[in-house]
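These notes are about the structure you will find just below.
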Amino acid sequence: MPFISKDWRSPGEAWVKTDEGWERLKVLECGKRKRLPSTNEDNYESDDNNEETIPPHCHITIRCTREIAGFNGLGEAVRRLDFRSSVRDRRRFHYIVALLRLLVAHKGIANLSGSAQKQLLQMVEEVASHVSDSQQHLNVLRGLSLQLQHIVYQENQKCWGKPLGSSNLWHEHVETIKRIQHLANQIEIKEPGPEIRPKLHDLPEECIREIILRIADHKDLEASADAWKIMSKLVNEQRIWRELIRFHFNQNQIDSILELNKLKCLNEVEDWKKFYHQLRRTYGLNDNYQFAEILSLCRYCCCLFWPSDGHPCIVDQSPDYKQRLEEAGSQLTLIQPVLPAQFLKFFSL
C-alpha cells in the first residue's frame, strides 16, 4: 500500500535552485543573511533588524560511535566554509592554494565526487581570476594549471575506467581547465608606468633592507639576489640570515646545532647563511608561517570556522555547557588550528 503522508523518519532537506544548480538551504545560509523567526509569518517585513549575519562554518563528525554516525562531505564543507570567496582574501589565499595543491596532487580530481570536482575547479578558476586582477602569485596559478593539464592527459591515456560523475560533467571540467590554462598563458606582469613614483630602484638601501628582512623564504631571498646588484649585496649581509634563523627556529634547536659545531654562543658563528641551511636540513621549516589565517576547529561543538569571522558556538548559546564539561573533567582545548593536510583527513578521499 502506498505511503501517502509525510515521511515520519525525517523532515527532509530544503533545496534551493541557484545558477550553479540545486543546493541545500542550510549550505547557502552560511556567509549570507538569514531571516530570524517571526511570530507573524504572513505580515513579515524584511528589514535589517530581522536579519543576522551567519559566518561561514561547517559542523563535522570527528569520529563515529554508537550514538553518533555521520559522514563528512568535502563539497559541502568547501561550500559552507566559503572557500571560493576566501580566495580574494589576502589572509586566506595561501591556505586555499595549499589545500588545492594537496587535492590536485594527492589522487587528482578524477577520484573526487562530481560535486567536489565542480567546487575544486571553481576555486581554481577564482584563483586564476584573482591572479589576473592583482598581477600577483603568477607562479601559483601556473603550477596548478600544469597539474590539471597533467591530470587531463592521464585520463585521456586510460584504456578503460572513467572519472567519477557523468561524462557530460567531465567534459565541462575539461573546458574549465582549458579556460584556466588560457587565462594563465594570457597574464603578463606589467611594469608600472613612468608616472608612478617612487620605484624600487629609487629607494635608499635602508628601505630595501627593511623589505628584504620581511621575506620569510630563503628561496625568495636567493631569487631577489639574482634580480638586482644592490639586492644581491644586501642579501649577503649576515644580519639577513641571522634574523631568518630567529624567525624559523627556537632556541633549543639553535643550541643543538651550536653544540654540534662545537660553538659556545651565537657570537662565534661566522657564516649565518651556512648555519641557516644546516638548521633547515636538520629540523626542516614550519610551513605555518606562510598562512596569515588558518582554519580552526572548535572542540566543544566540532565546528570548522575562520577565526576572524567566528562561529555560532554551543558555549555561547548555552553557558552552562562549558561549566558542565569542566566539572566532568574535560580538558579540551577550545580552539585547535587545522592545517590543509589535517583538513583533508576529515574526509574519505
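Identifiers in the C-alpha cells: chain A, B, ... in order shown; residue index from 1 per chain; ligand index from 1 in order shown.
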
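Every protein or nucleic acid residue with an atom no more than 12 Å from Arg242 (chain A), counting only C-alpha atoms and leaving out same-chain residues fewer than 3 positions away, appears here: Leu213, Ala216, His218, Val235, Asn236, Glu237, Gln238, Arg239, Ile245, Arg246, Phe247, His248, Phe249, Ile254, Leu266, Asn267, Val269, Glu270, Asp271, Trp272, Lys273, Lys274, Phe275, Tyr276, His277 and Leu279 of chain A.
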
Residues near Ile177 (chain A), cut-off 10 Å, only C-alpha atoms, skip fewer than 3 positions along chain, as a ChimeraX atom specification: /A:121-122,124-125,145-146,148-149,152,171-174,180-183

Here is a test: counting only C-alpha atoms, which residue of A:Arg24, A:His137, A:Arg63, A:Arg197 is nearest to Lys345 (chain A)?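 Using only C-alpha atoms, the shortest distance to Lys345 (chain A) belongs to A:Arg63.
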
So, counting only C-alpha atoms, which residue among A:Arg79, A:His130, A:Lys199, A:Arg90 is closest to Ser115 (chain A)? A:Arg79

Shortest interatomic distance to Val87 (chain A) - which of A:Leu144, A:Ile211, A:Cys298, A:Val127, counting only C-alpha atoms: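 Ranking A:Leu144, A:Ile211, A:Cys298, A:Val127 by distance to Val87 (chain A), first place goes to A:Val127.
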
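Among the candidates A:His201, A:Pro56, A:Leu74, A:Leu138, the one nearest to Lys229 (chain A) when counting only C-alpha atoms is A:His201.
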
With only C-alpha atoms as the basis for distance, which of A:Asp320, A:Glu259, A:Glu13, A:Asp133 is at the shortest distance from Ile187 (chain A)?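 Selected residue with least distance to Ile187 (chain A): A:Asp133.
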
Between A:Ser113, A:Ala341, A:Trp170, A:Phe305, which one has atoms that come closest to Asp82 (chain A), using only C-alpha atoms?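 For Asp82 (chain A), the nearest of the candidates is A:Phe305.
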
note - CA of Asn72 (chain A) and CA of Ser348 (chain A) are separated by 7.9 Å

Quote the spacing between CA of Glu293 (chain A) and CA of Trp306 (chain A) in Å to one decimal place.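 Between CA of Glu293 (chain A) and CA of Trp306 (chain A) the gap works out to 7.6 Å.
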
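As for CA of Pro204 (chain A) and CA of Ser224 (chain A), they are spaced 16.3 Å apart.
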
Every residue of region 39-213 of chain A that DSSP places in strand (DSSP E or B), as a ChimeraX atom specification: /A:51-53,57-59

Requested write-out: all heavy atoms of the selected residues, as a PDB file, in the first residue's frame:
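So part.pdb came out as:
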```
ATOM      1  N   GLU A  51      17.311  40.512  10.509  1.00  0.00           N
ATOM      2  CA  GLU A  51      18.316  39.705   9.833  1.00  0.00           C
ATOM      3  C   GLU A  51      19.571  39.637  10.685  1.00  0.00           C
ATOM      4  O   GLU A  51      19.870  40.531  11.472  1.00  0.00           O
ATOM      5  CB  GLU A  51      18.642  40.304   8.462  1.00  0.00           C
ATOM      6  CG  GLU A  51      17.485  40.205   7.473  1.00  0.00           C
ATOM      7  CD  GLU A  51      17.862  40.796   6.139  1.00  0.00           C
ATOM      8  OE1 GLU A  51      18.873  41.530   6.092  1.00  0.00           O
ATOM      9  OE2 GLU A  51      17.173  40.538   5.146  1.00  0.00           O
ATOM     10  N   GLU A  52      20.303  38.564  10.496  1.00  0.00           N
ATOM     11  CA  GLU A  52      21.576  38.402  11.181  1.00  0.00           C
ATOM     12  C   GLU A  52      22.576  37.788  10.222  1.00  0.00           C
ATOM     13  O   GLU A  52      22.205  37.040   9.324  1.00  0.00           O
ATOM     14  CB  GLU A  52      21.424  37.526  12.418  1.00  0.00           C
ATOM     15  CG  GLU A  52      21.026  36.093  12.107  1.00  0.00           C
ATOM     16  CD  GLU A  52      20.994  35.212  13.334  1.00  0.00           C
ATOM     17  OE1 GLU A  52      21.443  35.666  14.396  1.00  0.00           O
ATOM     18  OE2 GLU A  52      20.535  34.066  13.211  1.00  0.00           O
ATOM     19  N   THR A  53      23.824  38.094  10.397  1.00  0.00           N
ATOM     20  CA  THR A  53      24.874  37.552   9.550  1.00  0.00           C
ATOM     21  C   THR A  53      25.366  36.232  10.139  1.00  0.00           C
ATOM     22  O   THR A  53      25.768  36.181  11.303  1.00  0.00           O
ATOM     23  CB  THR A  53      26.040  38.536   9.434  1.00  0.00           C
ATOM     24  OG1 THR A  53      25.557  39.762   8.903  1.00  0.00           O
ATOM     25  CG2 THR A  53      27.123  37.975   8.527  1.00  0.00           C
ATOM     26  N   HIS A  57      30.795  28.462   8.417  1.00  0.00           N
ATOM     27  CA  HIS A  57      31.202  27.431   9.364  1.00  0.00           C
ATOM     28  C   HIS A  57      30.666  26.090   8.878  1.00  0.00           C
ATOM     29  O   HIS A  57      29.753  26.047   8.041  1.00  0.00           O
ATOM     30  CB  HIS A  57      30.693  27.737  10.778  1.00  0.00           C
ATOM     31  CG  HIS A  57      29.206  27.680  10.908  1.00  0.00           C
ATOM     32  ND1 HIS A  57      28.384  28.713  10.492  1.00  0.00           N
ATOM     33  CD2 HIS A  57      28.376  26.709  11.381  1.00  0.00           C
ATOM     34  CE1 HIS A  57      27.129  28.393  10.709  1.00  0.00           C
ATOM     35  NE2 HIS A  57      27.085  27.181  11.242  1.00  0.00           N
ATOM     36  N   CYS A  58      31.196  25.030   9.409  1.00  0.00           N
ATOM     37  CA  CYS A  58      30.776  23.693   8.984  1.00  0.00           C
ATOM     38  C   CYS A  58      30.944  22.721  10.140  1.00  0.00           C
ATOM     39  O   CYS A  58      32.054  22.527  10.645  1.00  0.00           O
ATOM     40  CB  CYS A  58      31.600  23.227   7.777  1.00  0.00           C
ATOM     41  SG  CYS A  58      31.149  21.583   7.182  1.00  0.00           S
ATOM     42  N   HIS A  59      29.851  22.111  10.573  1.00  0.00           N
ATOM     43  CA  HIS A  59      29.904  21.090  11.611  1.00  0.00           C
ATOM     44  C   HIS A  59      30.348  19.761  10.986  1.00  0.00           C
ATOM     45  O   HIS A  59      29.869  19.384   9.911  1.00  0.00           O
ATOM     46  CB  HIS A  59      28.544  20.915  12.272  1.00  0.00           C
ATOM     47  CG  HIS A  59      28.118  22.098  13.089  1.00  0.00           C
ATOM     48  ND1 HIS A  59      28.558  22.306  14.376  1.00  0.00           N
ATOM     49  CD2 HIS A  59      27.328  23.162  12.786  1.00  0.00           C
ATOM     50  CE1 HIS A  59      28.036  23.429  14.849  1.00  0.00           C
ATOM     51  NE2 HIS A  59      27.294  23.971  13.897  1.00  0.00           N
TER      52      HIS A  59
END
```

Need the shell around Asn288 (chain A): protein/DNA/RNA residues with any atom at most 12 Å away, counting only C-alpha atoms. Skip same-chain ones fewer than 3 positions apart. Format as a ChimeraX atom specification? /A:94-95,98,216,247-248,285,291-295,337-341
